[in-house]
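Source file: upload_35.txt; contents: compact mmCIF, C-alpha atoms.
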```txt
# COMPACT_ATOMS: atom_id res chain seq x y z
CA MET B 1 -163.80 -75.01 -31.39
CA ALA B 2 -165.91 -72.67 -29.25
CA GLN B 3 -168.41 -72.24 -32.11
CA VAL B 4 -168.72 -76.01 -32.52
CA LEU B 5 -169.31 -76.47 -28.80
CA SER B 6 -171.82 -73.61 -28.73
CA GLY B 7 -173.79 -75.16 -31.58
CA TRP B 8 -173.89 -78.51 -29.80
CA VAL B 9 -175.21 -76.90 -26.64
CA GLU B 10 -177.88 -74.95 -28.49
CA ALA B 11 -179.09 -78.15 -30.15
CA THR B 12 -179.28 -79.82 -26.75
CA ILE B 13 -181.08 -76.88 -25.16
CA ARG B 14 -183.75 -76.82 -27.83
CA GLN B 15 -184.79 -80.42 -27.42
CA PRO B 16 -188.45 -80.59 -26.42
CA VAL B 17 -189.57 -81.95 -23.05
CA SER B 18 -191.93 -81.62 -19.85
CA LEU B 19 -191.97 -82.78 -16.10
CA ASN B 20 -192.88 -84.60 -12.62
CA ASP B 21 -194.00 -88.18 -11.91
CA ASP B 22 -197.45 -88.70 -10.45
CA LEU B 23 -195.39 -89.45 -7.34
CA CYS B 24 -196.22 -85.92 -6.20
CA SER B 25 -199.91 -86.21 -6.90
CA ARG B 26 -200.11 -89.32 -4.74
CA ARG B 27 -200.47 -89.24 -0.99
CA ILE B 28 -198.89 -91.23 1.81
CA THR B 29 -201.11 -91.95 4.78
CA GLY B 30 -200.69 -89.27 7.43
CA ALA B 31 -198.44 -87.12 5.22
CA GLU B 32 -199.15 -83.83 3.56
CA ASP B 33 -199.43 -83.69 -0.22
CA PRO B 34 -195.93 -82.72 -1.46
CA CYS B 35 -197.42 -81.30 -4.62
CA GLY B 36 -199.62 -78.79 -2.83
CA SER B 37 -196.87 -76.22 -3.29
CA GLN B 38 -196.12 -77.07 -6.89
CA ASN B 39 -198.87 -75.13 -8.65
CA ARG B 40 -197.03 -72.77 -10.92
CA LEU B 41 -196.75 -69.08 -10.37
CA GLY B 42 -197.03 -66.54 -13.17
CA LYS B 43 -197.00 -67.57 -16.81
CA GLN B 44 -193.74 -66.77 -18.58
CA PHE B 45 -192.68 -67.30 -22.17
CA ASN B 46 -190.77 -70.58 -22.35
CA GLY B 47 -190.31 -71.23 -26.01
CA ALA B 48 -193.80 -72.66 -26.66
CA GLY B 49 -195.86 -71.21 -29.49
CA PRO B 50 -194.83 -68.64 -32.11
CA VAL B 51 -191.98 -66.29 -31.29
CA THR B 52 -193.03 -62.64 -31.52
CA ASP B 53 -190.93 -59.50 -32.04
CA ARG B 54 -191.54 -58.70 -28.38
CA ASP B 55 -190.09 -62.09 -27.42
CA ARG B 56 -187.03 -61.47 -29.58
CA ASP B 57 -186.52 -58.03 -28.04
CA ARG B 58 -186.80 -59.52 -24.57
CA VAL B 59 -184.24 -62.23 -25.36
CA ALA B 60 -181.86 -59.69 -26.91
CA SER B 61 -182.20 -57.43 -23.87
CA ASP B 62 -181.51 -60.30 -21.49
CA SER B 63 -178.48 -61.35 -23.53
CA ASP B 64 -177.10 -57.80 -23.47
CA GLN B 65 -177.57 -57.59 -19.67
CA ILE B 66 -175.79 -60.90 -19.13
CA ARG B 67 -172.88 -59.93 -21.36
CA ALA B 68 -172.59 -56.55 -19.63
CA ALA B 69 -172.58 -58.12 -16.16
CA VAL B 70 -169.99 -60.73 -17.07
CA SER B 71 -167.86 -58.18 -18.92
CA SER B 72 -167.90 -55.90 -15.86
CA GLU B 73 -166.69 -58.72 -13.63
CA THR B 74 -163.97 -59.95 -15.98
CA ASP B 75 -162.77 -56.38 -16.66
CA SER B 76 -162.29 -56.01 -12.90
CA GLY B 77 -160.00 -59.04 -12.94
CA ARG B 78 -162.50 -61.46 -11.44
CA PRO B 79 -162.89 -64.71 -13.40
CA LEU B 80 -166.26 -66.22 -14.22
CA ARG B 81 -166.65 -68.93 -11.60
CA VAL B 82 -168.54 -72.20 -12.03
CA LEU B 83 -169.44 -74.77 -9.39
CA SER B 84 -170.10 -78.28 -10.75
CA ILE B 85 -171.57 -80.87 -8.35
CA ASP B 86 -171.65 -84.61 -9.09
CA GLY B 87 -174.53 -86.98 -8.44
CA GLY B 88 -174.40 -89.84 -5.93
CA GLY B 89 -177.64 -90.44 -4.02
CA MET B 90 -177.21 -90.36 -0.25
CA ARG B 91 -173.58 -89.46 -0.78
CA GLY B 92 -174.88 -85.93 -1.30
CA LEU B 93 -174.73 -85.77 2.51
CA TYR B 94 -170.96 -86.05 2.25
CA ALA B 95 -170.74 -83.14 -0.21
CA ALA B 96 -173.06 -80.96 1.91
CA ALA B 97 -171.25 -81.80 5.16
CA TYR B 98 -167.85 -81.16 3.55
CA LEU B 99 -168.93 -77.76 2.23
CA SER B 100 -170.52 -76.89 5.56
CA SER B 101 -167.37 -77.71 7.52
CA LEU B 102 -165.13 -75.84 5.08
CA ILE B 103 -167.32 -72.74 5.08
CA GLN B 104 -167.52 -72.73 8.88
CA ARG B 105 -163.72 -72.59 9.03
CA TYR B 106 -163.48 -69.70 6.58
CA THR B 107 -166.35 -67.87 8.27
CA LYS B 108 -164.30 -67.82 11.47
CA THR B 109 -161.04 -67.01 9.70
CA ARG B 110 -162.63 -64.03 7.95
CA ASP B 111 -164.53 -62.93 11.09
CA LEU B 112 -167.94 -63.10 9.38
CA GLN B 113 -171.36 -64.12 10.66
CA ALA B 114 -172.11 -66.29 7.63
CA ILE B 115 -171.02 -66.83 4.01
CA ASP B 116 -173.29 -67.01 0.96
CA ILE B 117 -171.72 -69.79 -1.11
CA GLY B 118 -174.10 -69.43 -4.03
CA ARG B 119 -173.32 -65.77 -4.64
CA GLY B 120 -169.66 -66.66 -5.02
CA PHE B 121 -170.41 -68.33 -8.35
CA ASP B 122 -171.77 -67.04 -11.65
CA LEU B 123 -173.01 -70.49 -12.68
CA ILE B 124 -173.88 -73.58 -10.64
CA THR B 125 -174.55 -76.92 -12.29
CA GLY B 126 -175.44 -80.15 -10.52
CA THR B 127 -176.79 -83.59 -11.34
CA SER B 128 -179.17 -85.78 -9.33
CA THR B 129 -178.27 -85.32 -5.66
CA GLY B 130 -175.89 -82.62 -6.91
CA ALA B 131 -178.90 -80.83 -8.43
CA ILE B 132 -180.44 -80.57 -4.96
CA ILE B 133 -177.29 -78.95 -3.57
CA ALA B 134 -176.90 -76.73 -6.65
CA CYS B 135 -180.48 -75.43 -6.50
CA ALA B 136 -180.20 -74.85 -2.76
CA LEU B 137 -177.01 -72.80 -3.05
CA ALA B 138 -178.39 -70.81 -5.99
CA ALA B 139 -181.58 -70.07 -4.08
CA GLY B 140 -179.71 -68.96 -0.97
CA VAL B 141 -180.51 -71.99 1.21
CA SER B 142 -177.65 -72.58 3.64
CA VAL B 143 -175.59 -75.73 3.12
CA ASP B 144 -176.27 -76.64 6.76
CA ARG B 145 -179.96 -76.98 5.90
CA VAL B 146 -179.08 -79.16 2.92
CA ALA B 147 -177.06 -81.50 5.14
CA ALA B 148 -179.96 -81.58 7.61
CA LEU B 149 -182.33 -82.51 4.76
CA TYR B 150 -180.36 -85.67 4.06
CA ARG B 151 -180.24 -86.51 7.74
CA LYS B 152 -183.94 -85.96 8.32
CA TRP B 153 -185.39 -87.40 5.12
CA GLY B 154 -182.82 -89.94 3.92
CA ALA B 155 -184.53 -93.01 5.39
CA ALA B 156 -187.90 -91.92 3.98
CA ILE B 157 -186.47 -91.22 0.52
CA PHE B 158 -184.76 -94.64 0.44
CA PRO B 159 -187.08 -96.79 2.59
CA ARG B 160 -185.71 -100.09 1.26
CA ARG B 161 -182.26 -100.76 -0.15
CA LEU B 162 -181.73 -102.81 -3.27
CA PRO B 163 -181.44 -106.54 -2.47
CA ARG B 164 -177.87 -107.77 -2.47
CA ARG B 165 -178.44 -111.49 -2.92
CA VAL B 166 -181.00 -114.14 -3.83
CA GLY B 167 -183.34 -114.82 -0.94
CA PRO B 168 -186.58 -113.77 0.73
CA GLU B 169 -185.74 -110.05 0.42
CA LEU B 170 -185.42 -110.34 -3.35
CA ALA B 171 -188.72 -112.19 -3.62
CA TRP B 172 -190.38 -109.57 -1.43
CA GLN B 173 -189.06 -106.65 -3.46
CA LEU B 174 -190.11 -108.18 -6.77
CA TRP B 175 -193.65 -107.62 -5.53
CA LYS B 176 -193.30 -104.60 -3.24
CA ARG B 177 -190.54 -102.41 -4.67
CA PRO B 178 -192.82 -100.15 -6.77
CA GLY B 179 -194.59 -99.18 -3.56
CA TYR B 180 -191.28 -98.33 -1.87
CA LEU B 181 -190.27 -96.20 -4.84
CA LYS B 182 -193.59 -94.36 -4.78
CA ALA B 183 -193.26 -93.64 -1.06
CA GLY B 184 -189.62 -92.55 -1.39
CA SER B 185 -190.32 -90.18 -4.26
CA ALA B 186 -193.21 -88.58 -2.40
CA ALA B 187 -190.96 -88.11 0.65
CA LEU B 188 -188.34 -86.40 -1.51
CA GLY B 189 -191.02 -84.12 -2.93
CA ARG B 190 -192.07 -83.06 0.58
CA ALA B 191 -188.47 -82.53 1.69
CA LEU B 192 -187.73 -80.32 -1.31
CA ALA B 193 -190.97 -78.36 -0.95
CA ALA B 194 -190.08 -77.60 2.68
CA GLU B 195 -186.88 -75.89 1.52
CA PHE B 196 -187.80 -74.39 -1.84
CA GLY B 197 -191.56 -73.79 -1.62
CA GLU B 198 -192.78 -72.54 -5.00
CA THR B 199 -189.49 -70.95 -6.06
CA THR B 200 -188.86 -71.34 -9.79
CA LEU B 201 -185.74 -71.15 -11.92
CA GLY B 202 -186.98 -67.79 -13.15
CA ASP B 203 -187.28 -66.57 -9.56
CA VAL B 204 -183.69 -67.57 -8.79
CA TRP B 205 -182.43 -65.62 -11.78
CA GLN B 206 -184.54 -62.54 -11.05
CA ARG B 207 -183.67 -62.43 -7.34
CA ARG B 208 -180.02 -63.50 -7.29
CA ARG B 209 -178.71 -63.43 -10.88
CA ILE B 210 -177.06 -66.82 -10.41
CA ALA B 211 -177.15 -69.08 -13.46
CA VAL B 212 -178.29 -72.69 -12.91
CA ALA B 213 -178.00 -75.72 -15.24
CA VAL B 214 -179.40 -79.13 -14.25
CA PRO B 215 -179.33 -82.19 -16.54
CA ALA B 216 -182.02 -84.87 -16.85
CA VAL B 217 -183.28 -87.36 -19.47
CA GLU B 218 -186.68 -86.94 -21.12
CA ARG B 219 -188.29 -90.35 -21.55
CA SER B 220 -190.62 -89.84 -24.52
CA ARG B 221 -187.59 -89.63 -26.80
CA ASN B 222 -184.77 -90.58 -24.40
CA ARG B 223 -183.03 -87.28 -25.09
CA SER B 224 -180.84 -85.19 -22.85
CA TRP B 225 -182.50 -82.15 -21.28
CA VAL B 226 -180.83 -79.36 -19.33
CA PHE B 227 -183.05 -77.19 -17.13
CA LYS B 228 -181.66 -73.66 -17.18
CA THR B 229 -182.20 -70.21 -15.83
CA PRO B 230 -182.43 -67.63 -18.65
CA HIS B 231 -178.73 -66.81 -18.50
CA LEU B 232 -178.29 -67.63 -22.20
CA SER B 233 -180.31 -65.96 -24.91
CA ASN B 234 -181.04 -69.24 -26.73
CA THR B 235 -182.99 -70.66 -23.76
CA LEU B 236 -185.87 -68.35 -24.79
CA HIS B 237 -187.03 -68.46 -21.14
CA ARG B 238 -188.20 -72.02 -21.74
CA ASP B 239 -187.59 -73.23 -18.19
CA ASP B 240 -188.40 -70.12 -16.16
CA GLY B 241 -191.65 -71.52 -14.77
CA TYR B 242 -190.29 -74.86 -13.57
CA SER B 243 -190.09 -75.06 -9.80
CA LEU B 244 -186.84 -76.05 -8.12
CA VAL B 245 -188.79 -78.94 -6.58
CA ASP B 246 -189.67 -80.33 -9.99
CA VAL B 247 -186.20 -79.72 -11.42
CA CYS B 248 -184.61 -81.70 -8.59
CA LEU B 249 -187.18 -84.50 -8.83
CA ALA B 250 -186.48 -84.80 -12.56
CA SER B 251 -182.69 -84.82 -12.28
CA SER B 252 -182.61 -87.30 -9.36
CA ALA B 253 -185.08 -89.89 -10.68
CA ALA B 254 -182.54 -92.71 -10.79
CA PRO B 255 -183.92 -95.91 -12.35
CA ILE B 256 -184.31 -98.75 -9.82
CA TYR B 257 -183.67 -96.36 -6.92
CA ARG B 258 -186.45 -93.82 -7.53
CA SER B 259 -189.70 -93.44 -9.42
CA MET B 260 -189.59 -91.65 -12.74
CA ALA B 261 -190.62 -88.00 -12.45
CA ARG B 262 -193.79 -86.85 -14.18
CA ILE B 263 -193.66 -83.06 -14.36
CA GLU B 264 -196.42 -80.79 -15.60
CA ASN B 265 -195.51 -78.13 -18.15
CA PRO B 266 -195.54 -74.77 -16.36
CA ASP B 267 -197.01 -72.69 -19.20
CA THR B 268 -198.65 -75.08 -21.64
CA PRO B 269 -200.93 -78.14 -21.37
CA GLY B 270 -199.30 -81.52 -20.93
CA HIS B 271 -196.40 -83.04 -19.08
CA HIS B 272 -193.11 -84.85 -19.54
CA VAL B 273 -191.54 -87.81 -17.75
CA PHE B 274 -187.89 -87.64 -16.71
CA VAL B 275 -185.22 -89.92 -15.33
CA ASP B 276 -181.89 -89.15 -13.70
CA GLY B 277 -179.47 -86.81 -15.47
CA GLY B 278 -176.68 -89.02 -14.17
CA LEU B 279 -177.40 -91.41 -17.03
CA TRP B 280 -175.48 -89.04 -19.29
CA ALA B 281 -173.91 -86.31 -17.13
CA ASN B 282 -173.39 -87.50 -13.57
CA ASN B 283 -170.33 -85.26 -13.65
CA PRO B 284 -171.77 -82.07 -15.22
CA VAL B 285 -168.44 -80.28 -15.75
CA LEU B 286 -168.88 -80.13 -19.54
CA ILE B 287 -172.29 -78.50 -19.12
CA GLY B 288 -170.62 -75.90 -16.93
CA LEU B 289 -167.77 -75.35 -19.39
CA LEU B 290 -170.05 -75.01 -22.41
CA ASP B 291 -172.35 -72.51 -20.71
CA ALA B 292 -169.37 -70.58 -19.34
CA LEU B 293 -168.02 -70.22 -22.89
CA GLN B 294 -171.29 -68.68 -23.99
CA MET B 295 -171.34 -66.34 -20.98
CA THR B 296 -167.84 -64.97 -21.67
CA SER B 297 -165.77 -63.49 -24.48
CA PRO B 298 -162.36 -64.44 -25.90
CA GLY B 299 -159.61 -63.66 -23.44
CA ASP B 300 -161.84 -63.87 -20.35
CA SER B 301 -160.93 -66.10 -17.41
CA ILE B 302 -163.03 -69.09 -16.30
CA GLU B 303 -162.57 -71.12 -13.13
CA ILE B 304 -164.53 -74.37 -12.70
CA PHE B 305 -164.65 -76.07 -9.31
CA CYS B 306 -165.86 -79.70 -9.43
CA LEU B 307 -167.27 -81.03 -6.15
CA GLY B 308 -167.40 -84.82 -5.81
CA THR B 309 -169.64 -86.99 -3.63
CA CYS B 310 -167.14 -89.27 -1.91
CA PRO B 311 -166.43 -91.76 -4.72
CA ARG B 312 -165.10 -95.13 -3.67
CA PRO B 313 -161.52 -96.16 -4.60
CA GLN B 314 -161.72 -96.78 -8.32
CA GLY B 315 -161.78 -100.14 -10.04
CA GLU B 316 -161.48 -103.77 -8.98
CA LEU B 317 -159.30 -106.71 -9.89
CA ILE B 318 -161.45 -109.24 -11.73
CA GLY B 319 -160.42 -112.87 -11.96
CA GLU B 320 -161.28 -115.16 -14.85
CA ARG B 321 -164.11 -116.86 -12.95
CA ALA B 322 -165.78 -113.48 -12.35
CA LEU B 323 -165.89 -112.48 -16.01
CA HIS B 324 -169.35 -113.97 -16.51
CA ARG B 325 -170.97 -111.97 -13.74
CA GLY B 326 -174.73 -112.34 -13.72
CA LEU B 327 -177.69 -110.72 -11.98
CA VAL B 328 -176.46 -111.47 -8.48
CA GLY B 329 -172.89 -110.43 -9.24
CA TRP B 330 -174.13 -107.09 -10.54
CA ARG B 331 -176.53 -106.82 -7.58
CA PHE B 332 -179.58 -106.82 -9.85
CA GLY B 333 -178.39 -103.64 -11.59
CA GLY B 334 -177.19 -101.77 -8.52
CA GLY B 335 -173.56 -102.72 -9.11
CA VAL B 336 -173.52 -100.91 -12.45
CA THR B 337 -174.12 -97.47 -10.90
CA PRO B 338 -170.77 -96.95 -9.13
CA VAL B 339 -168.93 -98.03 -12.28
CA ALA B 340 -170.81 -95.41 -14.30
CA ILE B 341 -170.18 -92.71 -11.68
CA GLU B 342 -166.46 -93.39 -11.49
CA ALA B 343 -166.03 -93.66 -15.27
CA GLN B 344 -167.93 -90.42 -15.92
CA GLU B 345 -166.05 -88.49 -13.26
CA PHE B 346 -162.72 -89.46 -14.77
CA ALA B 347 -163.73 -89.12 -18.42
CA PHE B 348 -165.63 -85.84 -18.21
CA ASP B 349 -162.95 -84.15 -16.08
CA ASN B 350 -160.31 -85.13 -18.60
CA MET B 351 -162.40 -84.12 -21.62
CA ALA B 352 -162.97 -80.71 -20.05
CA ARG B 353 -159.26 -80.30 -19.34
CA MET B 354 -158.34 -81.33 -22.89
CA LEU B 355 -160.86 -78.88 -24.36
CA ALA B 356 -159.85 -75.99 -22.11
CA PRO B 357 -156.63 -75.01 -23.98
CA HIS B 358 -158.55 -74.72 -27.26
CA VAL B 359 -161.37 -72.35 -26.30
CA ASP B 360 -159.63 -68.93 -26.43
CA ARG B 361 -160.30 -68.44 -22.71
CA LYS B 362 -158.04 -68.69 -19.69
CA CYS B 363 -159.65 -71.74 -18.16
CA ARG B 364 -158.75 -73.62 -14.97
CA ILE B 365 -160.56 -76.74 -13.78
CA LEU B 366 -160.16 -78.05 -10.24
CA ARG B 367 -161.72 -81.16 -8.65
CA PHE B 368 -162.03 -81.20 -4.90
CA PRO B 369 -161.75 -82.59 -2.28
CA HIS B 370 -158.90 -85.06 -2.59
CA GLY B 371 -159.17 -87.59 0.23
CA THR B 372 -158.55 -91.26 0.88
CA VAL B 373 -161.74 -93.13 1.76
CA SER B 374 -161.44 -95.11 4.99
CA GLY B 375 -162.28 -98.79 5.22
CA GLU B 376 -165.27 -97.99 7.45
CA THR B 377 -166.63 -95.47 4.96
CA MET B 378 -166.21 -97.97 2.11
CA LYS B 379 -168.99 -100.08 3.60
CA HIS B 380 -171.46 -97.21 3.35
CA LEU B 381 -171.10 -95.80 -0.16
CA ASP B 382 -174.19 -97.34 -1.77
CA LEU B 383 -176.43 -94.66 -3.22
CA ASP B 384 -179.43 -95.84 -1.19
CA ASP B 385 -177.76 -96.49 2.18
CA ALA B 386 -179.58 -94.11 4.53
CA SER B 387 -178.77 -95.95 7.76
CA CYS B 388 -177.53 -93.95 10.75
CA ASP B 389 -174.17 -95.71 10.52
CA ALA B 390 -173.82 -94.75 6.86
CA MET B 391 -174.69 -91.11 7.47
CA ASP B 392 -172.29 -90.90 10.41
CA ALA B 393 -169.52 -92.41 8.28
CA LEU B 394 -170.13 -89.95 5.42
CA VAL B 395 -170.04 -86.95 7.76
CA ALA B 396 -166.88 -88.23 9.46
CA GLN B 397 -165.22 -88.69 6.06
CA ALA B 398 -166.28 -85.16 5.09
CA GLN B 399 -164.63 -83.78 8.25
CA THR B 400 -161.41 -85.67 7.51
CA ASP B 401 -161.32 -84.42 3.93
CA MET B 402 -162.04 -80.87 5.06
CA TYR B 403 -158.89 -80.86 7.20
CA ALA B 404 -156.89 -82.22 4.27
CA THR B 405 -158.26 -79.37 2.14
CA LEU B 406 -157.24 -76.78 4.74
CA SER B 407 -153.69 -78.14 4.61
CA ARG B 408 -153.61 -77.76 0.84
CA CYS B 409 -155.09 -74.25 1.00
CA GLY B 410 -152.36 -73.25 3.41
CA ASP B 411 -149.54 -74.59 1.25
CA PRO B 412 -148.14 -71.79 -0.97
CA ALA B 413 -146.50 -74.42 -3.22
CA ASP B 414 -149.85 -76.14 -3.97
CA ALA B 415 -151.35 -74.38 -7.01
CA ASP B 416 -154.75 -76.07 -6.70
CA GLY B 417 -154.83 -75.35 -2.98
CA GLN B 418 -154.08 -71.69 -3.62
CA LEU B 419 -156.84 -71.48 -6.25
CA LEU B 420 -159.37 -72.94 -3.82
CA ASN B 421 -158.14 -70.70 -1.01
CA ALA B 422 -158.59 -67.63 -3.23
CA LEU B 423 -162.17 -68.69 -3.94
CA LEU B 424 -163.02 -69.29 -0.28
CA ALA B 425 -161.43 -66.00 0.76
CA ASP B 426 -163.55 -64.20 -1.84
CA LEU B 427 -166.97 -65.72 -1.14
CA PRO B 428 -169.39 -62.93 -0.15
CA PRO B 429 -170.92 -62.69 3.34
CA ARG B 430 -174.54 -63.73 3.71
CA ALA B 431 -176.89 -60.78 4.05
CA PRO B 432 -178.88 -60.64 7.31
CA SER B 433 -182.28 -62.29 6.87
```

Go ahead and render the structure in this file as structure tokens.
Amino acid sequence: MAQVLSGWVEATIRQPVSLNDDLCSRRITGAEDPCGSQNRLGKQFNGAGPVTDRDRDRVASDSDQIRAAVSSETDSGRPLRVLSIDGGGMRGLYAAAYLSSLIQRYTKTRDLQAIDIGRGFDLITGTSTGAIIACALAAGVSVDRVAALYRKWGAAIFPRRLPRRVGPELAWQLWKRPGYLKAGSAALGRALAAEFGETTLGDVWQRRRIAVAVPAVERSRNRSWVFKTPHLSNTLHRDDGYSLVDVCLASSAAPIYRSMARIENPDTPGHHVFVDGGLWANNPVLIGLLDALQMTSPGDSIEIFCLGTCPRPQGELIGERALHRGLVGWRFGGGVTPVAIEAQEFAFDNMARMLAPHVDRKCRILRFPHGTVSGETMKHLDLDDASCDAMDALVAQAQTDMYATLSRCGDPADADGQLLNALLADLPPRAPS
């Protein structure tokens, strides 16, 4: 089973592709060019051109180092830990605020100045808005800054919500929406550049040895694409030169909500155009599981923690008259998105759990948090709702769910709570800057 899964991943990894929408080469009046910081740093081998003996030696050396590091950790009794973060647009604020509140509590409990969440994981995978959080944690950006990013830039990233009904707003957006998308994508580019600068996936791996995997869709062939640090030998350092800014733009380019992302190749001429990885892996738990299998050996332990983005209560009762729902009923495409998010979360979690007993590893998969969404929060779960009321509701829900998590972590009879508590008690302190 593990060999079959490994072969599938390798085939996926080797699919060709490139990156970032001209959104970053365009300028908004009075705003700085968000692409000014996206010129690539040093040239690194990324799988383009003929493979030399030197390249093969480099890949073999990297693979040996990774295996040795993982083996050392697992021999010491520490499992390989994976953090998987779902997509969800502005609901990323919920995930960031929840993590921030939880970490603040454990920072006090452990009498630390600060905790480095990213260094607590061997692999972090995230999709769309989850890619932003994943890249931030891997790069050492505090989760407080991530939450502040959503607060500060949310309204600029989503300057106009999808129309909800037929009327003047719909007519206006039929003409003007491309301009709103262009402006929103440029704002996101500036927000990401302010946090990540020119940091690349290769830089993250070299500086912090944290593996990163971020899904997207390449539009020239409509194939899946997973941006990765060189933590697996078969990546051939393909993605080392891609900036975190471009990776996040590519993974979060949700059709209808955001412009497509045109990203320049870091080491070769040309570009690729991407759309949101949530189209095929909004819940990236299987990406995390498959990479974890390749990073470990039979008998090793793997723990995968799946962080959600405040999904709404699942499903709806549909009467006979509503079966023939049209454009308005599906909110001009916007009503399809939450269905896809909920279905993927459920399906991918269960597929991962069903695979886990068959992969000759000790594998545990935990989704958190587990909270009941309030009626007030329900009104603000659209992916593009960046209003002050919506952001306040998401943060309030995150606080409520954090307290529920603390209760579970303190319950010795709650196996999942004890697993999460062990993780939080083991996260390393943040080094003084």

Shell around B:Pro429 at 6 Å using only C-alpha atoms, local window under 2 positions removed, as a PyMOL selection string: chain B and resi 114-116

Grab the atom CA of B:Arg91 to atom CA of B:Ala213 distance for me, in Å with one decimal place.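 According to the coordinates, atom CA of B:Arg91 and atom CA of B:Ala213 are separated by 20.4 Å.
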
Could you tell me how far atom CA of B:Leu366 sits from atom CA of B:Asp414, in Å to one decimal place?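 The value is 12.2 Å.
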
The residue from B:Ala186, B:Leu427, B:Glu376, B:Ile124 with the smallest atom-to-atom distance to B:Asp389, counting all atoms listed in the file, is B:Glu376

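With all atoms listed in the file as the atoms that count, the minimum distance from B:Cys363 to the choices B:Gln344, B:Glu303, B:Ser243, B:Ala147 is reached by B:Glu303.
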
Nearby residues (all atoms listed in the file) at most 6 Å from B:Arg219, same-chain spacing under 2 positions excluded, as a ChimeraX atom specification: /B:221-222,273-274

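Considering the residues B:Leu249, B:Gly270, B:Leu123, B:Ile132 and counting all atoms listed in the file, B:Leu232 has its shortest atom-to-atom contact with B:Leu123.
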
From B:Thr235, B:Ala97, B:Gln206, B:Phe346, residue lying nearest B:Arg151 [only C-alpha atoms]: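 Closest to B:Arg151, using only C-alpha atoms: B:Ala97.
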
Closest of B:Ile341, B:Ala193, B:Leu406, B:Leu170 to B:Gln418 - atom-to-atom distances counting all atoms listed in the file: B:Leu406

Calculate how many Å separate atom CA of B:Thr400 from atom CA of B:Met351, rounding to one decimal. 29.2 Å

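In terms of minimum interatomic distance to B:Ser224, B:Val275 ranks closest within B:Ala254, B:Val373, B:Leu83, B:Val275, counting all atoms listed in the file.
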
When you look at B:Thr200 with a cut-off of 8 Å (counting only C-alpha atoms), what residues show up, excluding the ones that are within fewer than 6 positions of it in the same chain? I need them as an NGL selection string. :B and (240-244)

Dump as a tab-separated table (two decimals), in the coordinates of the input, selection limited to C-alpha atoms:
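Printed below is again_17.tsv as written:
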```tsv
chain	number	residue	atom	x	y	z
B	240	ASP	CA	-188.40	-70.12	-16.16
B	241	GLY	CA	-191.65	-71.52	-14.77
B	242	TYR	CA	-190.29	-74.86	-13.57
B	243	SER	CA	-190.09	-75.06	-9.80
B	244	LEU	CA	-186.84	-76.05	-8.12
```

Quick one: stretch 248-259 of chain B with N, CA and C atoms, as a short mmCIF file (atom, residue, chain, number, x, y, z; two decimals), in the frame of the given file?
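Output file result-v8.cif is given in full below:
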```
data_model
loop_
_atom_site.label_atom_id
_atom_site.label_comp_id
_atom_site.auth_asym_id
_atom_site.auth_seq_id
_atom_site.Cartn_x
_atom_site.Cartn_y
_atom_site.Cartn_z
N CYS B 248 -185.38 -80.72 -9.37
CA CYS B 248 -184.61 -81.70 -8.59
C CYS B 248 -185.22 -83.10 -8.68
N LEU B 249 -186.53 -83.20 -8.68
CA LEU B 249 -187.18 -84.50 -8.83
C LEU B 249 -186.82 -85.12 -10.17
N ALA B 250 -186.79 -84.30 -11.22
CA ALA B 250 -186.48 -84.80 -12.56
C ALA B 250 -185.04 -85.28 -12.65
N SER B 251 -184.11 -84.49 -12.14
CA SER B 251 -182.69 -84.82 -12.28
C SER B 251 -182.27 -85.99 -11.41
N SER B 252 -183.01 -86.26 -10.32
CA SER B 252 -182.61 -87.30 -9.36
C SER B 252 -183.43 -88.58 -9.47
N ALA B 253 -184.22 -88.72 -10.53
CA ALA B 253 -185.08 -89.89 -10.68
C ALA B 253 -184.29 -91.08 -11.22
N ALA B 254 -183.43 -91.63 -10.37
CA ALA B 254 -182.54 -92.71 -10.79
C ALA B 254 -183.30 -94.02 -10.96
N PRO B 255 -183.24 -94.63 -12.15
CA PRO B 255 -183.92 -95.91 -12.35
C PRO B 255 -183.51 -96.93 -11.30
N ILE B 256 -184.46 -97.71 -10.84
CA ILE B 256 -184.31 -98.75 -9.82
C ILE B 256 -184.35 -98.16 -8.41
N TYR B 257 -183.72 -96.98 -8.24
CA TYR B 257 -183.67 -96.36 -6.92
C TYR B 257 -184.84 -95.43 -6.64
N ARG B 258 -185.40 -94.81 -7.69
CA ARG B 258 -186.45 -93.82 -7.53
C ARG B 258 -187.47 -93.97 -8.64
N SER B 259 -188.69 -93.50 -8.38
CA SER B 259 -189.70 -93.44 -9.42
C SER B 259 -189.27 -92.46 -10.50
#
```
